$ cat structure-v6.cif   # mmCIF, C-alpha atoms and all ligand atoms
data_upload
loop_
_atom_site.group_PDB
_atom_site.id
_atom_site.type_symbol
_atom_site.label_atom_id
_atom_site.label_comp_id
_atom_site.auth_asym_id
_atom_site.auth_seq_id
_atom_site.Cartn_x
_atom_site.Cartn_y
_atom_site.Cartn_z
ATOM 1 C CA MET J 1 43.981 210.642 114.479
ATOM 2 C CA SER J 2 41.456 211.771 117.146
ATOM 3 C CA SER J 3 38.328 209.653 117.733
ATOM 4 C CA PRO J 4 34.785 211.123 117.263
ATOM 5 C CA SER J 5 34.177 210.954 121.046
ATOM 6 C CA SER J 6 37.259 212.983 121.897
ATOM 7 C CA THR J 7 36.273 215.575 119.239
ATOM 8 C CA LYS J 8 32.800 215.812 120.828
ATOM 9 C CA LYS J 9 34.344 216.244 124.265
ATOM 10 C CA PHE J 10 36.582 218.999 122.889
ATOM 11 C CA PHE J 11 33.645 220.955 121.397
ATOM 12 C CA ASP J 12 31.509 220.415 124.537
ATOM 13 C CA ALA J 13 34.325 221.912 126.600
ATOM 14 C CA VAL J 14 34.905 224.848 124.244
ATOM 15 C CA LEU J 15 31.184 225.688 124.072
ATOM 16 C CA PHE J 16 30.626 225.235 127.857
ATOM 17 C CA LYS J 17 27.887 222.704 127.090
ATOM 18 C CA GLU J 18 27.533 221.477 130.697
ATOM 19 C CA ILE J 19 27.002 225.040 131.918
ATOM 20 C CA TRP J 20 24.298 225.610 129.293
ATOM 21 C CA ASN J 21 22.599 222.334 130.326
ATOM 22 C CA ALA J 22 22.610 223.434 133.962
ATOM 23 C CA MET J 23 21.304 226.912 133.059
ATOM 24 C CA LYS J 24 18.507 225.288 131.036
ATOM 25 C CA VAL J 25 17.275 223.513 134.192
ATOM 26 C CA THR J 26 17.559 226.739 136.197
ATOM 27 C CA PHE J 27 15.566 228.758 133.629
ATOM 28 C CA LYS J 28 12.917 226.035 133.418
ATOM 29 C CA HIS J 29 12.316 226.172 137.198
ATOM 30 C CA MET J 30 12.159 229.986 137.213
ATOM 31 C CA PHE J 31 8.688 229.761 135.695
ATOM 32 C CA HIS J 32 7.379 226.977 137.988
ATOM 33 C CA ARG J 33 5.179 227.699 140.997
ATOM 34 C CA PRO J 34 7.363 227.338 144.116
ATOM 35 C CA MET J 35 6.684 224.155 146.043
ATOM 36 C CA THR J 36 8.127 225.428 149.319
ATOM 37 C CA PHE J 37 6.299 227.368 152.039
ATOM 38 C CA GLU J 38 7.747 230.341 153.841
ATOM 39 C CA TYR J 39 6.933 228.941 157.265
ATOM 40 C CA PRO J 40 5.804 230.356 159.676
ATOM 41 C CA ARG J 41 4.444 233.230 157.529
ATOM 42 C CA GLU J 42 2.784 230.718 155.234
ATOM 43 C CA LYS J 43 1.175 227.546 156.485
ATOM 44 C CA ARG J 44 0.110 224.391 154.740
ATOM 45 C CA THR J 45 -3.448 223.210 154.579
ATOM 46 C CA ILE J 46 -3.543 220.298 156.984
ATOM 47 C CA PRO J 47 -5.716 217.312 156.021
ATOM 48 C CA ASP J 48 -8.528 216.300 158.375
ATOM 49 C CA ALA J 49 -6.938 212.929 159.083
ATOM 50 C CA HIS J 50 -3.699 214.584 160.269
ATOM 51 C CA ARG J 51 -2.362 213.257 163.558
ATOM 52 C CA GLY J 52 -1.434 216.285 165.635
ATOM 53 C CA ALA J 53 -1.644 217.019 169.356
ATOM 54 C CA LEU J 54 -4.196 214.992 171.290
ATOM 55 C CA GLY J 55 -7.131 216.637 173.008
ATOM 56 C CA LEU J 56 -9.907 215.474 175.326
ATOM 57 C CA LEU J 57 -13.486 216.142 174.272
ATOM 58 C CA ARG J 58 -16.775 216.948 175.953
ATOM 59 C CA TYR J 59 -20.295 216.267 174.778
ATOM 60 C CA ASP J 60 -22.283 219.220 173.472
ATOM 61 C CA ASP J 61 -23.864 219.694 176.909
ATOM 62 C CA GLY J 62 -20.398 220.176 178.449
ATOM 63 C CA GLN J 63 -20.170 216.756 180.113
ATOM 64 C CA GLU J 64 -16.745 215.121 179.936
ATOM 65 C CA ARG J 65 -16.817 212.179 177.557
ATOM 66 C CA CYS J 66 -13.961 210.351 179.292
ATOM 67 C CA VAL J 67 -15.125 207.678 181.712
ATOM 68 C CA GLY J 68 -11.655 206.775 182.954
ATOM 69 C CA CYS J 69 -11.689 203.244 181.562
ATOM 70 C CA ASP J 70 -7.909 203.148 180.899
ATOM 71 C CA LEU J 71 -8.290 201.511 177.472
ATOM 72 C CA CYS J 72 -6.254 204.279 175.844
ATOM 73 C CA GLU J 73 -3.492 203.720 178.382
ATOM 74 C CA ALA J 74 -3.480 199.976 177.643
ATOM 75 C CA ALA J 75 -3.430 200.563 173.872
ATOM 76 C CA CYS J 76 -0.571 203.068 173.880
ATOM 77 C CA PRO J 77 2.617 201.432 172.549
ATOM 78 C CA SER J 78 4.785 204.228 173.966
ATOM 79 C CA ARG J 79 3.377 204.001 177.486
ATOM 80 C CA CYS J 80 2.921 207.744 177.534
ATOM 81 C CA ILE J 81 -0.660 207.899 178.873
ATOM 82 C CA LYS J 82 -1.549 207.804 182.562
ATOM 83 C CA VAL J 83 -5.186 207.814 183.635
ATOM 84 C CA ILE J 84 -6.327 207.895 187.252
ATOM 85 C CA SER J 85 -10.037 207.282 187.541
ATOM 86 C CA GLU J 86 -12.533 207.629 190.358
ATOM 87 C CA GLU J 87 -16.172 206.900 190.866
ATOM 88 C CA ASP J 88 -18.422 209.867 190.408
ATOM 89 C CA THR J 89 -20.054 210.114 193.851
ATOM 90 C CA SER J 90 -23.068 211.935 192.467
ATOM 91 C CA MET J 91 -23.667 209.185 189.891
ATOM 92 C CA PRO J 92 -22.839 205.693 191.180
ATOM 93 C CA LEU J 93 -21.425 203.225 188.619
ATOM 94 C CA GLN J 94 -20.253 206.207 186.595
ATOM 95 C CA ARG J 95 -16.526 206.822 186.635
ATOM 96 C CA TYR J 96 -14.465 209.697 185.399
ATOM 97 C CA ALA J 97 -10.789 210.479 184.956
ATOM 98 C CA SER J 98 -9.753 212.547 187.942
ATOM 99 C CA GLU J 99 -6.265 212.861 186.459
ATOM 100 C CA PHE J 100 -5.119 212.367 182.901
ATOM 101 C CA TYR J 101 -1.588 212.805 181.601
ATOM 102 C CA ILE J 102 -0.024 212.373 178.183
ATOM 103 C CA ASP J 103 3.736 212.737 177.867
ATOM 104 C CA ILE J 104 3.734 214.137 174.369
ATOM 105 C CA THR J 105 7.547 213.799 174.138
ATOM 106 C CA LYS J 106 7.079 210.036 173.970
ATOM 107 C CA CYS J 107 4.002 210.049 171.724
ATOM 108 C CA VAL J 108 4.549 208.598 168.255
ATOM 109 C CA PHE J 109 1.179 209.903 166.996
ATOM 110 C CA CYS J 110 -0.029 206.463 166.037
ATOM 111 C CA GLY J 111 -3.657 207.188 166.976
ATOM 112 C CA TYR J 112 -4.159 203.831 168.743
ATOM 113 C CA CYS J 113 -5.425 205.566 171.890
ATOM 114 C CA VAL J 114 -8.125 207.326 169.868
ATOM 115 C CA GLU J 115 -9.183 204.063 168.258
ATOM 116 C CA ALA J 116 -9.266 202.282 171.620
ATOM 117 C CA CYS J 117 -11.506 204.847 173.295
ATOM 118 C CA PRO J 118 -15.068 203.492 173.428
ATOM 119 C CA VAL J 119 -16.676 206.915 173.779
ATOM 120 C CA ASN J 120 -14.473 208.998 171.458
ATOM 121 C CA ALA J 121 -13.230 211.102 174.328
ATOM 122 C CA LEU J 122 -9.818 211.476 172.699
ATOM 123 C CA ALA J 123 -9.122 212.916 169.279
ATOM 124 C CA MET J 124 -6.170 214.254 167.412
ATOM 125 C CA THR J 125 -6.086 217.837 166.209
ATOM 126 C CA LYS J 126 -4.126 219.779 163.615
ATOM 127 C CA VAL J 127 -1.951 221.373 166.321
ATOM 128 C CA TYR J 128 1.728 220.772 165.684
ATOM 129 C CA GLU J 129 3.353 223.904 167.069
ATOM 130 C CA PHE J 130 4.068 223.044 170.690
ATOM 131 C CA SER J 131 7.854 223.207 170.804
ATOM 132 C CA THR J 132 9.199 224.675 174.005
ATOM 133 C CA HIS J 133 12.426 225.267 175.901
ATOM 134 C CA ASP J 134 11.078 223.467 178.943
ATOM 135 C CA LYS J 135 10.405 219.756 178.434
ATOM 136 C CA ARG J 136 8.084 219.752 181.468
ATOM 137 C CA ASP J 137 5.563 221.781 179.426
ATOM 138 C CA LEU J 138 5.146 218.747 177.192
ATOM 139 C CA LEU J 139 3.581 216.633 179.890
ATOM 140 C CA PHE J 140 -0.028 217.476 179.010
ATOM 141 C CA ASP J 141 -2.354 217.207 181.988
ATOM 142 C CA LYS J 142 -6.138 216.920 182.009
ATOM 143 C CA THR J 143 -6.658 220.700 182.021
ATOM 144 C CA ARG J 144 -4.374 221.228 179.034
ATOM 145 C CA LEU J 145 -5.878 218.290 177.139
ATOM 146 C CA TYR J 146 -9.411 219.671 177.624
ATOM 147 C CA GLU J 147 -8.169 223.118 176.571
ATOM 148 C CA ILE J 148 -6.773 221.671 173.343
ATOM 149 C CA GLY J 149 -10.011 219.746 172.799
ATOM 150 C CA GLU J 150 -12.134 222.871 173.356
ATOM 151 C CA GLN J 151 -9.989 225.190 171.237
ATOM 152 C CA HIS J 152 -9.804 222.718 168.352
ATOM 153 C CA ILE J 153 -13.137 220.956 168.691
ATOM 154 C CA ASP J 154 -13.961 221.295 164.973
ATOM 155 C CA ASP J 155 -10.646 219.763 163.904
ATOM 156 C CA ALA J 156 -11.006 217.013 166.518
ATOM 157 C CA LYS J 157 -14.464 216.127 165.203
ATOM 158 C CA ARG J 158 -13.197 216.200 161.620
ATOM 159 C CA TYR J 159 -10.438 213.771 162.690
ATOM 160 C CA LEU J 160 -13.029 211.380 164.114
ATOM 161 C CA TYR J 161 -15.163 211.667 160.966
ATOM 162 C CA ALA J 162 -12.106 211.183 158.701
ATOM 163 C CA HIS J 163 -11.154 208.030 160.584
ATOM 164 C CA ASN J 164 -14.752 206.810 160.503
ATOM 165 C CA GLN J 165 -14.949 206.739 164.280
ATOM 166 C CA GLU J 166 -17.852 209.114 164.570
ATOM 167 C CA LYS J 167 -20.596 210.195 162.233
ATOM 168 C CA LYS J 168 -21.832 213.706 161.717
ATOM 169 C CA GLY J 169 -24.940 215.156 163.286
ATOM 170 C CA GLU J 170 -27.469 213.385 165.435
ATOM 171 C CA GLU J 171 -25.667 210.089 165.386
ATOM 172 C CA SER J 172 -22.441 211.407 166.902
ATOM 173 C CA ARG J 173 -23.348 210.686 170.515
ATOM 174 C CA ALA J 174 -24.953 207.328 169.871
ATOM 175 C CA TYR J 175 -22.498 206.058 167.302
ATOM 176 C CA ARG J 176 -20.056 204.378 169.668
ATOM 177 C CA TYR J 177 -20.710 202.228 172.708
ATOM 178 C CA HIS J 178 -22.590 204.210 175.323
ATOM 179 C CA PHE J 179 -22.099 203.433 178.963
ATOM 180 C CA PRO J 180 -25.302 202.568 180.831
ATOM 181 C CA GLN J 181 -27.156 205.367 182.527
ATOM 182 C CA SER J 182 -26.243 205.705 186.155
ATOM 183 C CA VAL J 183 -28.495 204.146 188.731
ATOM 184 C CA GLN J 184 -29.402 205.831 191.910
ATOM 185 C CA ARG J 185 -27.527 204.887 195.051
ATOM 186 C CA GLN J 186 -29.118 202.091 197.047
ATOM 187 C CA GLN J 187 -29.432 204.254 200.153
ATOM 188 C CA ASP J 188 -31.036 207.037 198.087
ATOM 189 C CA ALA J 189 -33.600 204.595 196.763
ATOM 190 C CA SER J 190 -34.260 203.162 200.238
ATOM 191 C CA SER J 191 -34.670 206.620 201.752
ATOM 192 C CA LEU J 192 -37.530 207.378 199.368
HETATM 193 S S1 LIG M 201 -1.018 208.531 169.619
HETATM 194 FE FE1 LIG M 201 -0.080 206.505 170.007
HETATM 195 S S2 LIG M 201 1.813 206.966 171.119
HETATM 196 FE FE2 LIG M 201 0.571 208.835 171.204
HETATM 197 S S3 LIG M 201 -0.562 208.679 173.142
HETATM 198 FE FE3 LIG M 201 -1.867 207.771 171.552
HETATM 199 S S4 LIG M 201 -1.422 205.561 171.546
HETATM 200 FE FE4 LIG M 201 0.245 206.624 172.662
HETATM 201 S S1 LIG M 202 -9.945 208.714 176.961
HETATM 202 FE FE1 LIG M 202 -11.355 207.049 176.391
HETATM 203 S S2 LIG M 202 -10.136 205.179 176.540
HETATM 204 FE FE2 LIG M 202 -9.026 206.775 177.667
HETATM 205 S S3 LIG M 202 -9.716 206.559 179.803
HETATM 206 FE FE3 LIG M 202 -11.032 208.087 178.830
HETATM 207 S S4 LIG M 202 -12.813 206.910 178.088
HETATM 208 FE FE4 LIG M 202 -11.194 205.418 178.506
#
$ encode --input "structure-v6.cif" --output "C-alpha cells"
Amino acid sequence: MSSPSSTKKFFDAVLFKEIWNAMKVTFKHMFHRPMTFEYPREKRTIPDAHRGALGLLRYDDGQERCVGCDLCEAACPSRCIKVISEEDTSMPLQRYASEFYIDITKCVFCGYCVEACPVNALAMTKVYEFSTHDKRDLLFDKTRLYEIGEQHIDDAKRYLYAHNQEKKGEESRAYRYHFPQSVQRQQDASSL
C-alpha cells in the first residue's frame, strides 16, 4: 500500500505543482515597481554624505583654501596623496600647495583626508563616473582637483554639512580653525 506522502508527491507531479508555485512568484513580481535602474539612462539619487571623487575648494572670494599643511597626506591610509607646499612670497607665514596629487586608483574613499583638513579645503563629491582606458588619467593633479571642486561645489558643501564639518551660511568660513592673518615682511615694515 502506498504511503500518504508518496500519493501527495504523485499528485504534485501530475498537476505540475512546482511549476505553478514558480509562476505564482513570477506573476506576483510582474506588478511590483522595478528596483533596478537602467544605467546610464537612469541614475540614482545620490545621498549628500556619499563619498565620491575628491575635489579641492576655494573660499567664496576665489582664494584657495588649501594651505599646504600635509595633514591630509599624513592621514591617508592608502598613501595616495602627495602635497608639495611653498611659502606664499606675497604673504609671509602663509603657505599654499604648489602641487597636489591624488592617485585615485589607490583611494579607498574613506574620507579621512577630508576630516584631517583643518580648513575644509578637501571635500568629496557625488562624482563616480571617471573610468578611463588610460590609468594615468586617474592621477588627479591640483588643476583637476580644483576643477572638480568648482564644478561640484554645491555637492562638496553638502558633503561637508552632512558630515558636520562645516555649517551653512555665515559660519562656514569661521567654523573650522582659521590660520592667522599674514604679517607683513620684516623688510617691508622697516622700509616704511
Ligand atoms: S579618501 Fe581615504 S584613501 Fe582616499 S585620499 Fe582620502 S584619506 Fe586617502
Ligand atoms: S587639503 Fe587641507 S589638509 Fe591637505 S594640505 Fe591642504 S590644507 Fe592641509
$ residues_around --input "structure-v6.cif" --residues "Ser98 in chain J" --least-positions-apart "2" --cutoff "7 Å" --atoms "only C-alpha atoms" --output "ChimeraX atom specification"
/J:84-86,96,100
$ write_last_selection --input "structure-v6.cif" --atoms "C-alpha atoms" --output "CSV table (one decimal), in the coordinates of the input"
chain,number,residue,atom,x,y,z
J,84,ILE,CA,-6.3,207.9,187.3
J,85,SER,CA,-10.0,207.3,187.5
J,86,GLU,CA,-12.5,207.6,190.4
J,96,TYR,CA,-14.5,209.7,185.4
J,100,PHE,CA,-5.1,212.4,182.9
$ axis_aligned_box --input "structure-v6.cif" --around "ligand LIG 202 (chain M)" --padding-each-side "4 Å" --output "JSON"
{"center_x": -10.9, "center_y": 206.9, "center_z": 178.1, "size_x": 11.8, "size_y": 11.5, "size_z": 11.4}
$ closest_atom_pairs --input "structure-v6.cif" --of "chain J" --to "ligand LIG 202 (chain M)" --cutoff "10 Å" --atoms "all atoms listed in the file" --output "tab-separated table"
residue	atom	partner	partner_atom	distance
J:Gly55	CA	M:LIG202	S1	9.3
J:Leu56	CA	M:LIG202	S1	7.0
J:Leu57	CA	M:LIG202	S1	8.7
J:Glu64	CA	M:LIG202	FE3	9.1
J:Arg65	CA	M:LIG202	S4	6.6
J:Cys66	CA	M:LIG202	FE3	3.7
J:Val67	CA	M:LIG202	S4	4.4
J:Gly68	CA	M:LIG202	S3	3.7
J:Cys69	CA	M:LIG202	FE4	3.8
J:Asp70	CA	M:LIG202	S3	4.0
J:Leu71	CA	M:LIG202	S2	4.2
J:Cys72	CA	M:LIG202	S2	4.0
J:Glu73	CA	M:LIG202	FE2	6.4
J:Ala74	CA	M:LIG202	S2	8.5
J:Ala75	CA	M:LIG202	S2	8.6
J:Cys76	CA	M:LIG202	FE2	10.0
J:Ile81	CA	M:LIG202	FE2	8.5
J:Lys82	CA	M:LIG202	S3	8.7
J:Val83	CA	M:LIG202	S3	6.1
J:Ile84	CA	M:LIG202	S3	8.3
J:Ser85	CA	M:LIG202	S3	7.8
J:Arg95	CA	M:LIG202	S4	9.3
J:Tyr96	CA	M:LIG202	FE3	7.6
J:Ala97	CA	M:LIG202	S3	6.6
J:Glu99	CA	M:LIG202	S3	9.8
J:Phe100	CA	M:LIG202	S3	8.0
J:Tyr112	CA	M:LIG202	S2	9.9
J:Cys113	CA	M:LIG202	S2	6.6
J:Val114	CA	M:LIG202	FE1	7.3
J:Glu115	CA	M:LIG202	S2	8.4
J:Ala116	CA	M:LIG202	S2	5.8
J:Cys117	CA	M:LIG202	S2	3.5
J:Pro118	CA	M:LIG202	FE1	5.9
J:Val119	CA	M:LIG202	S4	5.8
J:Asn120	CA	M:LIG202	FE1	6.2
J:Ala121	CA	M:LIG202	S1	4.8
J:Leu122	CA	M:LIG202	S1	5.1
J:Ala123	CA	M:LIG202	S1	8.8
J:Phe179	CA	M:LIG202	S4	10.0
$ atom_distance --input "structure-v6.cif" --atom1 "CA of Thr45 in chain J" --atom2 "CA of Thr125 in chain J"
13.1 Å
$ resolve_selection --input "structure-v6.cif" --expression "the PyMOL selection byres (((chain J and resi 52) around 9) and not hetatm)" --output "list in words"
His50, Arg51, Ala53, Leu54, Phe109, Met124, Thr125, Lys126, Val127 and Tyr128 of chain J
$ write_last_selection --input "structure-v6.cif" --atoms "C-alpha atoms" --output "PDB file, in the coordinates of the input"
ATOM      1  CA  HIS J  50      -3.699 214.584 160.269  1.00  0.00           C
ATOM      2  CA  ARG J  51      -2.362 213.257 163.558  1.00  0.00           C
ATOM      3  CA  ALA J  53      -1.644 217.019 169.356  1.00  0.00           C
ATOM      4  CA  LEU J  54      -4.196 214.992 171.290  1.00  0.00           C
ATOM      5  CA  PHE J 109       1.179 209.903 166.996  1.00  0.00           C
ATOM      6  CA  MET J 124      -6.170 214.254 167.412  1.00  0.00           C
ATOM      7  CA  THR J 125      -6.086 217.837 166.209  1.00  0.00           C
ATOM      8  CA  LYS J 126      -4.126 219.779 163.615  1.00  0.00           C
ATOM      9  CA  VAL J 127      -1.951 221.373 166.321  1.00  0.00           C
ATOM     10  CA  TYR J 128       1.728 220.772 165.684  1.00  0.00           C
TER      11      TYR J 128
END
$ atom_distance --input "structure-v6.cif" --atom1 "CA of Met30 in chain J" --atom2 "CA of Phe11 in chain J"
28.2 Å
$ atom_distance --input "structure-v6.cif" --atom1 "CA of Phe37 in chain J" --atom2 "CA of Ile148 in chain J"
25.6 Å
$ closest_residue --input "structure-v6.cif" --among "J:Asp137, J:Asp103, J:Glu18, J:Glu147" --to "ligand LIG 201 (chain M)" --atoms "only C-alpha atoms and all ligand atoms"
J:Asp103
$ closest_residue --input "structure-v6.cif" --among "J:Tyr59, J:Tyr101, J:Phe10, J:Phe31" --to "ligand LIG 201 (chain M)" --atoms "all atoms listed in the file"
J:Tyr101
$ closest_residue --input "structure-v6.cif" --among "J:Lys106, J:Ala162, J:His152, J:Lys28" --to "ligand LIG 201 (chain M)" --atoms "all atoms listed in the file"
J:Lys106
$ closest_residue --input "structure-v6.cif" --among "J:Trp20, J:Tyr146, J:Tyr39, J:Phe140" --to "ligand LIG 201 (chain M)" --atoms "all atoms listed in the file"
J:Phe140
$ residues_near_point --input "structure-v6.cif" --point "(-11.9, 210.6, 161.1)" --cutoff "10 Å" --atoms "only C-alpha atoms" --output "PyMOL selection string"
chain J and resi 48-50+123-124+155-167
$ closest_residue --input "structure-v6.cif" --among "J:Pro47, J:Pro4, J:Gly111, J:Gly149" --to "ligand LIG 201 (chain M)" --atoms "only C-alpha atoms and all ligand atoms"
J:Gly111
$ closest_residue --input "structure-v6.cif" --among "J:Gln94, J:Thr105, J:Thr89, J:Asn21" --to "ligand LIG 201 (chain M)" --atoms "only C-alpha atoms and all ligand atoms"
J:Thr105
$ build_atoms --input "structure-v6.cif" --residues "range 122-153 of chain J" --atoms "N, CA and C atoms" --output "short mmCIF file (atom, residue, chain, number, x, y, z; two decimals), keeping the file's coordinate frame"
data_model
loop_
_atom_site.label_atom_id
_atom_site.label_comp_id
_atom_site.auth_asym_id
_atom_site.auth_seq_id
_atom_site.Cartn_x
_atom_site.Cartn_y
_atom_site.Cartn_z
N LEU J 122 -11.11 210.97 173.17
CA LEU J 122 -9.82 211.48 172.70
C LEU J 122 -9.89 211.68 171.19
N ALA J 123 -9.23 212.73 170.73
CA ALA J 123 -9.12 212.92 169.28
C ALA J 123 -7.83 213.66 169.01
N MET J 124 -7.37 213.52 167.79
CA MET J 124 -6.17 214.25 167.41
C MET J 124 -6.59 215.52 166.68
N THR J 125 -5.77 216.54 166.82
CA THR J 125 -6.09 217.84 166.21
C THR J 125 -5.02 218.16 165.16
N LYS J 126 -5.14 219.37 164.60
CA LYS J 126 -4.13 219.78 163.62
C LYS J 126 -3.01 220.59 164.26
N VAL J 127 -2.97 220.59 165.60
CA VAL J 127 -1.95 221.37 166.32
C VAL J 127 -0.61 220.66 166.24
N TYR J 128 0.39 221.36 165.72
CA TYR J 128 1.73 220.77 165.68
C TYR J 128 2.80 221.73 166.21
N GLU J 129 2.36 222.93 166.59
CA GLU J 129 3.35 223.90 167.07
C GLU J 129 3.34 223.94 168.59
N PHE J 130 3.99 223.00 169.23
CA PHE J 130 4.07 223.04 170.69
C PHE J 130 5.50 222.86 171.18
N SER J 131 6.46 223.30 170.35
CA SER J 131 7.85 223.21 170.80
C SER J 131 8.08 224.20 171.94
N THR J 132 8.97 223.86 172.82
CA THR J 132 9.20 224.68 174.00
C THR J 132 10.63 224.48 174.48
N HIS J 133 11.08 225.42 175.31
CA HIS J 133 12.43 225.27 175.90
C HIS J 133 12.39 224.39 177.14
N ASP J 134 11.20 224.23 177.70
CA ASP J 134 11.08 223.47 178.94
C ASP J 134 10.31 222.17 178.68
N LYS J 135 11.01 221.06 178.76
CA LYS J 135 10.40 219.76 178.43
C LYS J 135 9.20 219.45 179.32
N ARG J 136 9.19 220.04 180.54
CA ARG J 136 8.08 219.75 181.47
C ARG J 136 6.75 220.26 180.92
N ASP J 137 6.80 221.27 180.03
CA ASP J 137 5.56 221.78 179.43
C ASP J 137 4.91 220.76 178.51
N LEU J 138 5.67 219.73 178.14
CA LEU J 138 5.15 218.75 177.19
C LEU J 138 4.50 217.54 177.88
N LEU J 139 4.39 217.62 179.19
CA LEU J 139 3.58 216.63 179.89
C LEU J 139 2.18 217.25 180.00
N PHE J 140 1.31 216.87 179.06
CA PHE J 140 -0.03 217.48 179.01
C PHE J 140 -0.89 216.87 180.11
N ASP J 141 -1.45 217.71 180.95
CA ASP J 141 -2.35 217.21 181.99
C ASP J 141 -3.81 217.35 181.52
N LYS J 142 -4.71 216.94 182.38
CA LYS J 142 -6.14 216.92 182.01
C LYS J 142 -6.62 218.31 181.58
N THR J 143 -6.21 219.34 182.34
CA THR J 143 -6.66 220.70 182.02
C THR J 143 -6.19 221.10 180.62
N ARG J 144 -4.93 220.83 180.35
CA ARG J 144 -4.37 221.23 179.03
C ARG J 144 -5.04 220.42 177.92
N LEU J 145 -5.28 219.13 178.18
CA LEU J 145 -5.88 218.29 177.14
C LEU J 145 -7.31 218.75 176.83
N TYR J 146 -8.06 219.16 177.89
CA TYR J 146 -9.41 219.67 177.62
C TYR J 146 -9.35 221.03 176.93
N GLU J 147 -8.33 221.82 177.26
CA GLU J 147 -8.17 223.12 176.57
C GLU J 147 -7.93 222.91 175.08
N ILE J 148 -7.05 221.95 174.77
CA ILE J 148 -6.77 221.67 173.34
C ILE J 148 -8.05 221.18 172.67
N GLY J 149 -8.77 220.28 173.35
CA GLY J 149 -10.01 219.75 172.80
C GLY J 149 -11.04 220.84 172.55
N GLU J 150 -11.14 221.80 173.50
CA GLU J 150 -12.13 222.87 173.36
C GLU J 150 -11.73 223.85 172.26
N GLN J 151 -10.44 224.19 172.23
CA GLN J 151 -9.99 225.19 171.24
C GLN J 151 -10.00 224.63 169.81
N HIS J 152 -9.90 223.31 169.70
CA HIS J 152 -9.80 222.72 168.35
C HIS J 152 -10.88 221.66 168.16
N ILE J 153 -12.05 221.94 168.71
CA ILE J 153 -13.14 220.96 168.69
C ILE J 153 -13.53 220.59 167.25
#
